[in-house]
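**Student:** Okay, so here is data_22.tsv, and as you'll see once you scroll down, it has TSV, C-alpha atoms.
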chain	number	residue	atom	x	y	z
A	279	MET	CA	-12.21	-26.38	-21.93
A	280	ARG	CA	-14.39	-25.11	-19.06
A	281	SER	CA	-13.10	-21.58	-19.43
A	282	PHE	CA	-13.71	-21.80	-23.19
A	283	LEU	CA	-17.35	-22.84	-22.58
A	284	ARG	CA	-17.78	-20.09	-20.00
A	285	THR	CA	-16.51	-17.53	-22.50
A	286	VAL	CA	-18.83	-18.74	-25.25
A	287	SER	CA	-21.77	-18.72	-22.79
A	288	ALA	CA	-20.95	-15.19	-21.68
A	289	ILE	CA	-20.83	-14.02	-25.29
A	290	ALA	CA	-24.15	-15.73	-26.02
A	291	ILE	CA	-25.69	-13.89	-23.05
A	292	LEU	CA	-24.15	-10.63	-24.27
A	293	ILE	CA	-25.67	-11.13	-27.73
A	294	SER	CA	-29.01	-12.05	-26.19
A	295	TRP	CA	-28.87	-8.96	-23.98
A	296	ALA	CA	-27.84	-6.71	-26.84
A	297	SER	CA	-30.68	-7.91	-29.04
A	298	GLY	CA	-33.14	-6.73	-26.32
A	299	PRO	CA	-36.69	-7.76	-25.53
A	300	ALA	CA	-38.93	-8.89	-28.38
A	301	PHE	CA	-41.85	-6.62	-29.14
A	302	ALA	CA	-43.72	-5.24	-32.12
A	303	LEU	CA	-44.45	-1.58	-31.73
A	304	SER	CA	-47.58	-0.05	-33.21
A	305	ASP	CA	-47.15	2.87	-35.56
A	306	ALA	CA	-49.94	4.55	-33.56
A	307	TYR	CA	-47.29	5.80	-31.13
A	308	LYS	CA	-44.88	7.04	-33.83
A	309	GLU	CA	-41.48	7.81	-32.23
A	310	ASN	CA	-42.88	8.55	-28.76
A	311	ILE	CA	-42.12	5.29	-26.99
A	312	TYR	CA	-39.25	5.08	-24.52
A	313	ASN	CA	-37.44	1.76	-24.62
A	314	PRO	CA	-35.99	0.85	-21.21
A	315	GLY	CA	-34.18	-2.15	-22.70
A	316	GLN	CA	-33.96	-5.57	-21.10
A	317	LEU	CA	-35.00	-5.47	-17.43
A	318	LYS	CA	-34.72	-8.01	-14.62
A	319	PRO	CA	-37.68	-10.31	-15.38
A	320	VAL	CA	-39.24	-10.14	-11.88
A	321	ASP	CA	-38.12	-7.87	-9.06
A	322	SER	CA	-40.62	-8.30	-6.23
A	323	THR	CA	-42.23	-10.96	-4.05
A	324	LEU	CA	-45.97	-11.62	-4.08
A	325	LYS	CA	-47.82	-10.71	-0.90
A	326	VAL	CA	-51.14	-12.29	-1.90
A	327	LYS	CA	-52.14	-15.95	-2.14
A	328	VAL	CA	-54.52	-17.71	-4.49
A	329	GLY	CA	-57.52	-18.93	-2.50
A	330	GLU	CA	-57.41	-16.04	-0.02
A	331	PRO	CA	-59.34	-12.73	-0.07
A	332	ALA	CA	-57.78	-10.11	-2.34
A	333	PRO	CA	-56.73	-6.87	-0.61
A	334	GLU	CA	-59.26	-4.04	-0.88
A	335	PHE	CA	-58.19	-0.82	-2.60
A	336	THR	CA	-59.60	2.40	-3.96
A	337	LEU	CA	-57.83	4.32	-6.72
A	338	PRO	CA	-58.64	7.34	-8.89
A	339	SER	CA	-59.56	6.54	-12.47
A	340	LEU	CA	-59.21	8.45	-15.72
A	341	ASN	CA	-62.93	9.18	-15.92
A	342	GLY	CA	-62.73	11.11	-12.64
A	343	GLU	CA	-64.37	8.51	-10.39
A	344	ALA	CA	-62.66	6.50	-7.69
A	345	VAL	CA	-62.84	2.75	-8.24
A	346	SER	CA	-62.83	0.22	-5.41
A	347	LEU	CA	-62.39	-3.52	-5.73
A	348	SER	CA	-65.31	-4.09	-3.33
A	349	GLN	CA	-67.80	-2.38	-5.65
A	350	PHE	CA	-67.72	-5.48	-7.89
A	351	ALA	CA	-68.32	-7.95	-5.06
A	352	GLY	CA	-71.24	-10.23	-5.83
A	353	LYS	CA	-71.58	-8.71	-9.31
A	354	LYS	CA	-68.54	-9.32	-11.50
A	355	ASN	CA	-65.32	-11.27	-11.69
A	356	VAL	CA	-62.42	-8.82	-11.73
A	357	VAL	CA	-59.24	-9.02	-13.78
A	358	ILE	CA	-56.49	-6.66	-12.65
A	359	SER	CA	-53.75	-5.85	-15.13
A	360	PHE	CA	-50.74	-4.12	-13.59
A	361	VAL	CA	-48.39	-2.84	-16.26
A	362	PRO	CA	-45.00	-1.28	-15.48
A	363	ALA	CA	-45.13	2.18	-17.03
A	364	ALA	CA	-46.81	4.42	-19.58
A	365	TRP	CA	-45.04	5.12	-22.88
A	366	THR	CA	-42.99	1.94	-22.84
A	367	PRO	CA	-43.07	-0.69	-25.62
A	368	ILE	CA	-44.86	-3.75	-24.28
A	369	CYS	CA	-47.26	-1.88	-21.98
A	370	SER	CA	-48.35	0.24	-24.95
A	371	ASP	CA	-49.46	-2.92	-26.78
A	372	GLN	CA	-50.97	-4.90	-23.94
A	373	TRP	CA	-54.02	-2.77	-23.17
A	374	PRO	CA	-55.03	-2.12	-26.81
A	375	GLY	CA	-55.10	-5.92	-27.15
A	376	TYR	CA	-57.35	-6.20	-24.09
A	377	ASN	CA	-59.46	-3.44	-25.57
A	378	LEU	CA	-60.02	-5.60	-28.65
A	379	ALA	CA	-60.64	-8.65	-26.46
A	380	LYS	CA	-63.57	-7.01	-24.63
A	381	GLY	CA	-65.90	-9.82	-25.73
A	382	LEU	CA	-63.65	-12.47	-24.16
A	383	PHE	CA	-63.82	-10.72	-20.76
A	384	GLU	CA	-67.55	-10.03	-20.98
A	385	ALA	CA	-68.25	-13.66	-21.90
A	386	GLN	CA	-66.87	-14.60	-18.49
A	387	ASP	CA	-68.87	-11.90	-16.66
A	388	ALA	CA	-65.65	-10.03	-15.88
A	389	VAL	CA	-64.50	-6.46	-15.69
A	390	LEU	CA	-60.92	-5.44	-16.29
A	391	LEU	CA	-59.06	-2.85	-14.21
A	392	GLY	CA	-55.84	-1.48	-15.69
A	393	ILE	CA	-53.37	-0.10	-13.14
A	394	THR	CA	-50.00	1.62	-13.40
A	395	VAL	CA	-48.03	3.77	-10.95
A	396	ASP	CA	-48.15	6.74	-13.37
A	397	ASN	CA	-50.14	9.87	-12.55
A	398	LEU	CA	-53.47	10.66	-14.21
A	399	PRO	CA	-52.21	13.29	-16.71
A	400	THR	CA	-49.62	10.84	-18.03
A	401	LEU	CA	-52.18	8.04	-18.24
A	402	TYR	CA	-54.63	10.33	-20.04
A	403	SER	CA	-52.10	11.33	-22.67
A	404	TRP	CA	-50.85	7.77	-23.17
A	405	THR	CA	-54.17	5.92	-23.33
A	406	ARG	CA	-55.61	8.43	-25.83
A	407	GLN	CA	-53.28	6.81	-28.40
A	408	MET	CA	-55.00	3.45	-27.81
A	409	GLY	CA	-58.51	4.38	-28.87
A	410	ASN	CA	-61.49	4.34	-26.52
A	411	LEU	CA	-60.67	1.85	-23.80
A	412	TRP	CA	-63.73	0.05	-22.45
A	413	PHE	CA	-62.17	-0.64	-19.04
A	414	PRO	CA	-61.21	1.74	-16.21
A	415	VAL	CA	-57.60	2.88	-16.07
A	416	LEU	CA	-56.47	3.52	-12.49
A	417	SER	CA	-53.58	5.53	-11.16
A	418	ASP	CA	-51.55	4.05	-8.30
A	419	PHE	CA	-49.34	7.13	-8.27
A	420	TRP	CA	-49.85	8.39	-4.73
A	421	PRO	CA	-49.04	7.12	-2.16
A	422	HIS	CA	-46.65	5.86	-4.78
A	423	GLY	CA	-47.37	2.27	-5.78
A	424	ALA	CA	-49.28	1.54	-2.55
A	425	VAL	CA	-51.72	-0.88	-4.21
A	426	ALA	CA	-48.98	-2.57	-6.23
A	427	ASP	CA	-47.11	-2.98	-2.95
A	428	LYS	CA	-50.19	-4.50	-1.25
A	429	PHE	CA	-50.21	-7.19	-3.93
A	430	GLY	CA	-46.42	-7.53	-3.81
A	431	VAL	CA	-45.81	-6.36	-7.37
A	432	LEU	CA	-43.94	-3.10	-6.75
A	433	ARG	CA	-40.40	-3.37	-8.09
A	434	SER	CA	-37.37	-1.90	-6.37
A	435	ASP	CA	-37.19	0.94	-8.94
A	436	GLY	CA	-40.78	2.08	-8.17
A	437	ILE	CA	-42.56	0.67	-11.23
A	438	ALA	CA	-45.05	-2.20	-11.15
A	439	GLU	CA	-44.50	-5.72	-12.40
A	440	ARG	CA	-46.33	-6.98	-15.47
A	441	ALA	CA	-48.88	-8.86	-13.40
A	442	LEU	CA	-52.36	-10.28	-13.80
A	443	PHE	CA	-54.82	-11.18	-11.06
A	444	ILE	CA	-58.30	-12.70	-11.23
A	445	ILE	CA	-60.64	-12.12	-8.30
A	446	ASP	CA	-63.97	-13.90	-8.22
A	447	LYS	CA	-67.33	-12.44	-7.23
A	448	ALA	CA	-66.75	-13.48	-3.61
A	449	GLY	CA	-63.57	-11.39	-3.52
A	450	ILE	CA	-61.26	-14.43	-3.50
A	451	LEU	CA	-58.06	-14.34	-5.50
A	452	ARG	CA	-58.26	-17.15	-8.09
A	453	TYR	CA	-55.26	-16.46	-10.32
A	454	ALA	CA	-52.00	-14.59	-9.87
A	455	LYS	CA	-49.38	-14.32	-12.57
A	456	VAL	CA	-46.29	-12.15	-12.33
A	457	GLY	CA	-44.74	-12.59	-15.72
A	458	ASP	CA	-41.42	-11.57	-17.25
A	459	ILE	CA	-41.63	-7.79	-17.47
A	460	ASN	CA	-39.98	-8.00	-20.91
A	461	ARG	CA	-42.74	-10.10	-22.47
A	462	ARG	CA	-46.44	-9.64	-23.05
A	463	PRO	CA	-48.51	-12.21	-21.13
A	464	ASP	CA	-50.22	-14.94	-23.08
A	465	LEU	CA	-53.86	-13.96	-23.64
A	466	GLU	CA	-55.03	-17.56	-24.02
A	467	GLU	CA	-53.70	-18.49	-20.57
A	468	LEU	CA	-55.50	-15.53	-19.00
A	469	ILE	CA	-58.80	-16.33	-20.71
A	470	ASN	CA	-58.53	-20.00	-19.75
A	471	ALA	CA	-57.97	-19.00	-16.11
A	472	LEU	CA	-60.92	-16.62	-16.30
A	473	GLU	CA	-63.15	-19.36	-17.74
A	474	LYS	CA	-62.08	-21.64	-14.91
A	475	THR	CA	-62.92	-18.96	-12.32
A	476	ASN	CA	-66.28	-18.20	-13.89
A	477	SER	CA	-67.23	-21.88	-14.14
A	478	LYS	CA	-66.88	-22.23	-10.34
A	479	ARG	CA	-69.86	-19.92	-9.75
B	145	MET	CA	-2.37	-21.71	-25.51
B	146	LYS	CA	-5.75	-21.77	-23.75
B	147	LYS	CA	-5.61	-18.02	-23.20
B	148	LEU	CA	-4.77	-17.44	-26.84
B	149	ARG	CA	-7.76	-19.55	-27.94
B	150	MET	CA	-10.06	-17.61	-25.60
B	151	ILE	CA	-8.84	-14.27	-26.93
B	152	TRP	CA	-9.41	-15.41	-30.51
B	153	THR	CA	-12.92	-16.59	-29.62
B	154	ILE	CA	-13.80	-13.26	-28.02
B	155	LEU	CA	-12.37	-11.30	-30.95
B	156	ALA	CA	-14.24	-13.45	-33.48
B	157	CYS	CA	-17.54	-13.01	-31.63
B	158	LEU	CA	-17.07	-9.27	-31.23
B	159	LEU	CA	-16.27	-9.06	-34.93
B	160	PHE	CA	-19.55	-10.77	-35.85
B	161	LEU	CA	-21.68	-9.04	-33.18
B	162	PRO	CA	-22.22	-5.77	-35.12
B	163	ALA	CA	-23.09	-7.76	-38.25
B	164	PHE	CA	-25.51	-9.87	-36.22
B	165	LEU	CA	-27.21	-6.79	-34.80
B	166	ALA	CA	-27.15	-4.84	-38.07
B	167	ALA	CA	-28.79	-7.78	-39.83
B	168	GLU	CA	-31.73	-7.33	-37.46
B	169	VAL	CA	-32.55	-3.77	-38.41
B	170	ALA	CA	-33.03	-3.65	-42.17
B	171	PRO	CA	-36.63	-3.77	-43.45
B	172	PRO	CA	-37.04	-5.16	-46.98
B	173	ALA	CA	-35.97	-2.62	-49.59
B	174	GLU	CA	-38.06	-1.88	-52.68
B	175	GLY	CA	-36.28	-3.42	-55.64
B	176	GLY	CA	-34.70	-6.06	-53.43
B	177	ARG	CA	-35.67	-9.52	-52.23
B	178	LEU	CA	-37.47	-10.71	-49.14
B	179	PRO	CA	-35.54	-12.70	-46.57
B	180	ASP	CA	-36.44	-16.39	-46.58
B	181	ILE	CA	-39.66	-16.19	-44.58
B	182	ARG	CA	-40.87	-19.65	-43.72
B	183	LEU	CA	-44.54	-20.05	-42.79
B	184	ALA	CA	-46.56	-23.08	-41.75
B	185	ILE	CA	-48.84	-24.46	-44.46
B	186	PRO	CA	-52.34	-23.76	-43.16
B	187	ALA	CA	-54.46	-26.77	-42.27
B	188	ASP	CA	-57.53	-25.10	-43.76
B	189	ALA	CA	-58.25	-26.57	-47.21
B	190	GLY	CA	-59.73	-23.29	-48.44
B	191	TYR	CA	-56.53	-21.42	-47.57
B	192	GLN	CA	-54.43	-24.12	-49.26
B	193	THR	CA	-56.47	-23.67	-52.42
B	194	TYR	CA	-56.20	-19.88	-52.19
B	195	LEU	CA	-52.42	-20.05	-51.77
B	196	GLY	CA	-51.95	-22.89	-54.24
B	197	ILE	CA	-49.94	-24.77	-51.64
B	198	LYS	CA	-50.86	-28.26	-50.50
B	199	GLY	CA	-49.71	-30.69	-47.86
B	200	GLU	CA	-48.09	-30.16	-44.50
B	201	GLY	CA	-44.93	-28.47	-43.26
B	202	THR	CA	-43.77	-25.04	-44.30
B	203	PHE	CA	-43.52	-22.86	-47.39
B	204	PHE	CA	-41.86	-19.63	-48.50
B	205	LEU	CA	-43.91	-16.61	-49.57
B	206	PRO	CA	-42.74	-16.61	-53.22
B	207	GLN	CA	-44.10	-20.17	-53.55
B	208	ILE	CA	-47.64	-18.81	-53.39
B	209	LYS	CA	-49.43	-19.39	-56.69
B	210	ALA	CA	-49.79	-15.76	-57.77
B	211	SER	CA	-48.05	-13.00	-59.68
B	212	ILE	CA	-48.31	-10.53	-56.82
B	213	VAL	CA	-48.38	-11.23	-53.07
B	214	ILE	CA	-49.30	-8.52	-50.58
B	215	VAL	CA	-48.11	-9.15	-47.02
B	216	GLU	CA	-49.57	-7.29	-44.07
B	217	ILE	CA	-47.43	-7.31	-40.93
B	218	PHE	CA	-49.84	-6.71	-38.08
B	219	SER	CA	-50.51	-7.35	-34.40
B	220	MET	CA	-53.85	-7.73	-32.65
B	221	TYR	CA	-52.30	-5.53	-29.94
B	222	CYS	CA	-51.68	-2.66	-32.36
B	223	PRO	CA	-54.38	0.05	-32.30
B	224	HIS	CA	-53.40	1.21	-35.79
B	225	CYS	CA	-53.82	-2.35	-37.15
B	226	GLN	CA	-57.23	-2.59	-35.48
B	227	ARG	CA	-58.34	0.64	-37.15
B	228	GLU	CA	-56.88	-0.53	-40.48
B	229	ALA	CA	-58.61	-3.94	-40.48
B	230	SER	CA	-61.77	-2.88	-42.33
B	231	SER	CA	-59.74	-1.10	-44.99
B	232	VAL	CA	-57.61	-4.21	-45.56
B	233	ASN	CA	-60.78	-6.27	-45.82
B	234	ASP	CA	-62.00	-3.79	-48.44
B	235	LEU	CA	-58.75	-4.25	-50.38
B	236	PHE	CA	-59.17	-8.03	-50.27
B	237	SER	CA	-62.78	-7.72	-51.37
B	238	LYS	CA	-61.84	-5.50	-54.33
B	239	ILE	CA	-59.17	-7.99	-55.42
B	240	ARG	CA	-61.48	-10.98	-55.05
B	241	SER	CA	-64.27	-9.34	-57.04
B	242	SER	CA	-61.97	-8.41	-59.92
B	243	GLU	CA	-61.76	-11.04	-62.68
B	244	LYS	CA	-58.43	-9.54	-63.72
B	245	LEU	CA	-56.87	-9.70	-60.28
B	246	LYS	CA	-58.41	-12.48	-58.21
B	247	ASP	CA	-56.14	-15.30	-59.46
B	248	LYS	CA	-53.04	-13.17	-59.80
B	249	VAL	CA	-52.99	-11.21	-56.56
B	250	LYS	CA	-53.01	-12.88	-53.14
B	251	LEU	CA	-53.08	-11.30	-49.70
B	252	VAL	CA	-51.68	-12.74	-46.47
B	253	GLY	CA	-51.20	-11.37	-42.95
B	254	ILE	CA	-48.52	-12.19	-40.40
B	255	GLY	CA	-49.32	-11.50	-36.73
B	256	VAL	CA	-45.99	-10.61	-35.16
B	257	GLY	CA	-45.72	-11.55	-31.50
B	258	ASN	CA	-49.23	-12.99	-31.74
B	259	SER	CA	-50.02	-16.55	-30.70
B	260	PRO	CA	-52.33	-18.70	-32.88
B	261	PHE	CA	-55.11	-17.93	-30.35
B	262	GLU	CA	-54.55	-14.18	-30.74
B	263	VAL	CA	-54.38	-14.35	-34.54
B	264	GLU	CA	-57.60	-16.36	-34.57
B	265	TYR	CA	-59.31	-13.82	-32.33
B	266	PHE	CA	-58.21	-10.94	-34.59
B	267	LYS	CA	-59.48	-12.86	-37.64
B	268	LYS	CA	-62.82	-13.59	-36.02
B	269	THR	CA	-63.31	-10.05	-34.66
B	270	TYR	CA	-62.84	-8.44	-38.08
B	271	SER	CA	-64.21	-11.34	-40.21
B	272	ILE	CA	-60.95	-11.54	-42.14
B	273	GLN	CA	-61.21	-13.85	-45.16
B	274	PHE	CA	-57.57	-14.10	-46.26
B	275	PRO	CA	-54.97	-16.32	-44.52
B	276	LEU	CA	-53.34	-15.01	-41.35
B	277	PHE	CA	-50.23	-16.57	-39.84
B	278	SER	CA	-48.87	-16.51	-36.30
B	279	ASP	CA	-45.33	-15.30	-35.62
B	280	GLY	CA	-45.54	-15.75	-31.88
B	281	GLU	CA	-41.81	-15.75	-31.24
B	282	PHE	CA	-41.04	-12.74	-33.48
B	283	ILE	CA	-38.97	-14.87	-35.87
B	284	VAL	CA	-40.39	-13.28	-39.03
B	285	HIS	CA	-40.51	-9.90	-37.29
B	286	LYS	CA	-36.76	-10.03	-36.67
B	287	GLN	CA	-36.15	-11.13	-40.28
B	288	LEU	CA	-38.05	-8.03	-41.43
B	289	GLY	CA	-36.04	-5.60	-39.32
B	290	GLU	CA	-38.54	-5.41	-36.43
B	291	VAL	CA	-40.75	-3.01	-38.35
B	292	ARG	CA	-43.52	-1.13	-36.57
B	293	THR	CA	-47.04	-2.22	-37.37
B	294	PRO	CA	-48.95	-2.19	-39.62
B	295	TYR	CA	-46.37	-2.64	-42.36
B	296	PHE	CA	-47.19	-3.66	-45.93
B	297	ILE	CA	-44.93	-5.45	-48.39
B	298	GLY	CA	-45.74	-6.18	-52.02
B	299	ILE	CA	-43.74	-8.73	-53.97
B	300	LYS	CA	-43.85	-9.59	-57.65
B	301	ILE	CA	-43.19	-13.24	-58.38
B	302	LEU	CA	-41.29	-13.65	-61.63
B	303	LYS	CA	-41.67	-16.50	-64.11
B	304	ASP	CA	-38.38	-18.08	-63.10
B	305	GLY	CA	-39.60	-18.36	-59.50
B	306	SER	CA	-37.53	-15.46	-58.23
B	307	HIS	CA	-39.21	-12.36	-56.84
B	308	LYS	CA	-38.82	-8.63	-56.32
B	309	VAL	CA	-40.15	-6.34	-53.61
B	310	PHE	CA	-42.05	-3.46	-55.26
B	311	TYR	CA	-43.68	-2.02	-52.15
B	312	SER	CA	-42.37	-1.84	-48.59
B	313	LYS	CA	-43.93	0.78	-46.36
B	314	LEU	CA	-44.83	1.49	-42.76
B	315	GLY	CA	-48.43	2.38	-42.00
B	316	GLY	CA	-51.76	1.62	-43.58
B	317	ILE	CA	-52.53	1.79	-47.28
B	318	ALA	CA	-53.97	5.27	-47.61
B	319	ASP	CA	-56.03	4.65	-50.74
B	320	ASN	CA	-56.97	1.16	-51.93
B	321	VAL	CA	-57.90	2.32	-55.45
B	322	SER	CA	-54.48	3.90	-55.99
B	323	PHE	CA	-52.82	0.83	-54.49
B	324	LEU	CA	-54.70	-1.43	-56.93
B	325	LYS	CA	-53.46	0.76	-59.79
B	326	LEU	CA	-49.92	0.24	-58.52
B	327	ILE	CA	-50.56	-3.52	-58.49
B	328	GLN	CA	-51.99	-3.41	-62.02
B	329	ALA	CA	-48.94	-1.51	-63.21
B	330	GLN	CA	-46.72	-4.24	-61.78
B	331	LEU	CA	-48.80	-6.90	-63.56
B	332	ASN	CA	-48.49	-4.99	-66.87
B	333	LYS	CA	-44.70	-4.87	-66.68
Could you quickly redo this structure as structure tokens?
**Tutor:**
Amino acid sequence: MRSFLRTVSAIAILISWASGPAFALSDAYKENIYNPGQLKPVDSTLKVKVGEPAPEFTLPSLNGEAVSLSQFAGKKNVVISFVPAAWTPICSDQWPGYNLAKGLFEAQDAVLLGITVDNLPTLYSWTRQMGNLWFPVLSDFWPHGAVADKFGVLRSDGIAERALFIIDKAGILRYAKVGDINRRPDLEELINALEKTNSKR
Amino acid sequence: MKKLRMIWTILACLLFLPAFLAAEVAPPAEGGRLPDIRLAIPADAGYQTYLGIKGEGTFFLPQIKASIVIVEIFSMYCPHCQREASSVNDLFSKIRSSEKLKDKVKLVGIGVGNSPFEVEYFKKTYSIQFPLFSDGEFIVHKQLGEVRTPYFIGIKILKDGSHKVFYSKLGGIADNVSFLKLIQAQLNK
């Protein structure tokens, strides 16, 4: 009986694996999205702790200027959205959603920084399909994934986790969420955490 | 005996696996029927009146009190859907302002992979007046062959309660006036 149950379970997992991650792809990208299939949900260990100062970084952005975390100190709450890779299904949806949700971030006196480990030309080409993004898009390409690694969200294959961080105006990390790479994070949870951070001013 | 049973189980599952997967990839065909899409009856009394559906629980799209139902499959995360929102609002406005169409043609949207919070935000951002439904777990999306978004489906509800898909296309509606003519032609049939 045990072996029978094991077999049925294995087949259920196989079917689940074969059906792949759930996502709805926008027609804006036509046939240009690469589907990596189902990936290991999380493949790194966080190196930062909620309640402690967030690590400083400076990265090049798409508009040509370098962006540092410290430049927002005392001025804005900062939301950092690491996404795994350009031209992949869920990442290609996540930032256009945040683009639409600009008002929700602004209401909490927050800026959003989007980071991937892709290089700037790739990010330029990819984000042009999303419309005019209101937030800076930063390239953590070289040294490869160094900032992702500082936060502990660099996976063993060199891409970043699907991770969200909230840093308050004092530079303290208030929220850290490394979600299943195969699923888009819940926007409501992020906004609730941002409201909580902003209310502690 | 145990081994034999295990082999039969594996063979049976492998036999059904392609059918299971194939069933996931077929969008509704024009001339055919919709899968049984079950949606939650909206709590909003205005939406209940618009849809002609009262109470609590769930309903199926062909139960909407109309001759024609237009379904927009969208996502708040889809840039194309964001750009299309004002045009869809214009379509709704044209239908609502037409004495010939307003009681016969109803419009609904289904936010695939969108939570109720996300659907509500999309609705508020674009001041959408017609009912939007959340399909947070991609259940409807899978039933519809995991179509890209936006995707529009038009169904004609027949007098016997059955229905027929007369429009099933990926992408926005290029021209609302032409689309309304297509709707009118369906009503005249």
**Student:** Would you please work out which residue, of A:Pro314, A:Pro399, A:Gly409, A:Gly392, is nearest to A:Arg440 when using all atoms listed in the file?
**Tutor:**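 Among A:Pro314, A:Pro399, A:Gly409, A:Gly392, it is A:Gly392 that comes nearest to A:Arg440.
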**Student:** Determine, counting all atoms listed in the file, which protein, DNA and RNA residues have an atom within 8 Å of an atom of stretch 415-425 of chain A; residues of the same chain fewer than 5 positions away are not included. Present the result as a CSV table (one decimal) with C-alpha atoms, in the frame of the given file.
**Tutor:**
chain,number,residue,atom,x,y,z
A,335,PHE,CA,-58.2,-0.8,-2.6
A,337,LEU,CA,-57.8,4.3,-6.7
A,338,PRO,CA,-58.6,7.3,-8.9
A,339,SER,CA,-59.6,6.5,-12.5
A,340,LEU,CA,-59.2,8.4,-15.7
A,345,VAL,CA,-62.8,2.8,-8.2
A,391,LEU,CA,-59.1,-2.8,-14.2
A,392,GLY,CA,-55.8,-1.5,-15.7
A,393,ILE,CA,-53.4,-0.1,-13.1
A,394,THR,CA,-50.0,1.6,-13.4
A,395,VAL,CA,-48.0,3.8,-11.0
A,396,ASP,CA,-48.2,6.7,-13.4
A,397,ASN,CA,-50.1,9.9,-12.6
A,398,LEU,CA,-53.5,10.7,-14.2
A,401,LEU,CA,-52.2,8.0,-18.2
A,432,LEU,CA,-43.9,-3.1,-6.8
A,436,GLY,CA,-40.8,2.1,-8.2
A,437,ILE,CA,-42.6,0.7,-11.2
A,438,ALA,CA,-45.0,-2.2,-11.2
**Student:** Compute the set of chain B residues within 7 Å of chain A, using all atoms listed in the file, and express it as JSON, numbers by chain.
**Tutor:** {"B": [150, 165, 220, 221, 222, 223, 224, 256, 257, 261, 282, 290, 292, 293, 294, 315]}
**Student:** For B:Ile299, which residue out of B:Ile239, B:Leu314, B:Leu326, B:Val232 is the nearest one, using all atoms listed in the file?
**Tutor:**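 Selected residue with least distance to B:Ile299: B:Leu326.
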**Student:** Grab the atom CA of A:Leu451 to atom CA of A:Val326 distance for me, in Å with one decimal place.
**Tutor:** 8.1 Å
**Student:** Considering all atoms listed in the file, state which residue in the set B:Thr193, B:Ile217, B:Asp304, B:Ser231 is at the smallest distance from B:Gly289.
**Tutor:**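 Residue with the minimum atom-to-atom distance to B:Gly289: B:Ile217.
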**Student:** Is it possible to add N, CA and C atoms to stretch 184-198 of chain B and hand it back as a PDB file, in the frame of the given file?
**Tutor:**
ATOM      1  N   ALA B 184     -45.928 -21.758 -41.810  1.00  0.00           N
ATOM      2  CA  ALA B 184     -46.560 -23.080 -41.750  1.00  0.00           C
ATOM      3  C   ALA B 184     -47.681 -23.157 -42.773  1.00  0.00           C
ATOM      4  N   ILE B 185     -47.739 -24.270 -43.512  1.00  0.00           N
ATOM      5  CA  ILE B 185     -48.840 -24.460 -44.460  1.00  0.00           C
ATOM      6  C   ILE B 185     -50.131 -24.564 -43.658  1.00  0.00           C
ATOM      7  N   PRO B 186     -51.111 -23.717 -43.962  1.00  0.00           N
ATOM      8  CA  PRO B 186     -52.340 -23.760 -43.160  1.00  0.00           C
ATOM      9  C   PRO B 186     -53.071 -25.083 -43.310  1.00  0.00           C
ATOM     10  N   ALA B 187     -53.701 -25.515 -42.224  1.00  0.00           N
ATOM     11  CA  ALA B 187     -54.460 -26.770 -42.270  1.00  0.00           C
ATOM     12  C   ALA B 187     -55.753 -26.600 -43.066  1.00  0.00           C
ATOM     13  N   ASP B 188     -56.260 -25.390 -43.096  1.00  0.00           N
ATOM     14  CA  ASP B 188     -57.530 -25.100 -43.760  1.00  0.00           C
ATOM     15  C   ASP B 188     -57.418 -25.344 -45.273  1.00  0.00           C
ATOM     16  N   ALA B 189     -58.310 -26.209 -45.786  1.00  0.00           N
ATOM     17  CA  ALA B 189     -58.250 -26.570 -47.210  1.00  0.00           C
ATOM     18  C   ALA B 189     -58.522 -25.373 -48.112  1.00  0.00           C
ATOM     19  N   GLY B 190     -59.409 -24.491 -47.663  1.00  0.00           N
ATOM     20  CA  GLY B 190     -59.730 -23.290 -48.440  1.00  0.00           C
ATOM     21  C   GLY B 190     -58.514 -22.386 -48.595  1.00  0.00           C
ATOM     22  N   TYR B 191     -57.743 -22.245 -47.509  1.00  0.00           N
ATOM     23  CA  TYR B 191     -56.530 -21.420 -47.570  1.00  0.00           C
ATOM     24  C   TYR B 191     -55.488 -22.085 -48.471  1.00  0.00           C
ATOM     25  N   GLN B 192     -55.395 -23.417 -48.405  1.00  0.00           N
ATOM     26  CA  GLN B 192     -54.430 -24.120 -49.260  1.00  0.00           C
ATOM     27  C   GLN B 192     -54.756 -23.876 -50.728  1.00  0.00           C
ATOM     28  N   THR B 193     -56.049 -23.922 -51.037  1.00  0.00           N
ATOM     29  CA  THR B 193     -56.470 -23.670 -52.420  1.00  0.00           C
ATOM     30  C   THR B 193     -56.143 -22.237 -52.818  1.00  0.00           C
ATOM     31  N   TYR B 194     -56.449 -21.305 -51.922  1.00  0.00           N
ATOM     32  CA  TYR B 194     -56.200 -19.880 -52.190  1.00  0.00           C
ATOM     33  C   TYR B 194     -54.712 -19.627 -52.466  1.00  0.00           C
ATOM     34  N   LEU B 195     -53.864 -20.265 -51.640  1.00  0.00           N
ATOM     35  CA  LEU B 195     -52.420 -20.050 -51.770  1.00  0.00           C
ATOM     36  C   LEU B 195     -51.794 -20.919 -52.866  1.00  0.00           C
ATOM     37  N   GLY B 196     -52.516 -21.966 -53.261  1.00  0.00           N
ATOM     38  CA  GLY B 196     -51.950 -22.890 -54.240  1.00  0.00           C
ATOM     39  C   GLY B 196     -50.850 -23.731 -53.635  1.00  0.00           C
ATOM     40  N   ILE B 197     -50.964 -23.991 -52.348  1.00  0.00           N
ATOM     41  CA  ILE B 197     -49.940 -24.770 -51.640  1.00  0.00           C
ATOM     42  C   ILE B 197     -50.632 -25.883 -50.872  1.00  0.00           C
ATOM     43  N   LYS B 198     -50.204 -27.093 -51.115  1.00  0.00           N
ATOM     44  CA  LYS B 198     -50.860 -28.260 -50.500  1.00  0.00           C
ATOM     45  C   LYS B 198     -49.924 -28.953 -49.512  1.00  0.00           C
TER      46      LYS B 198
END
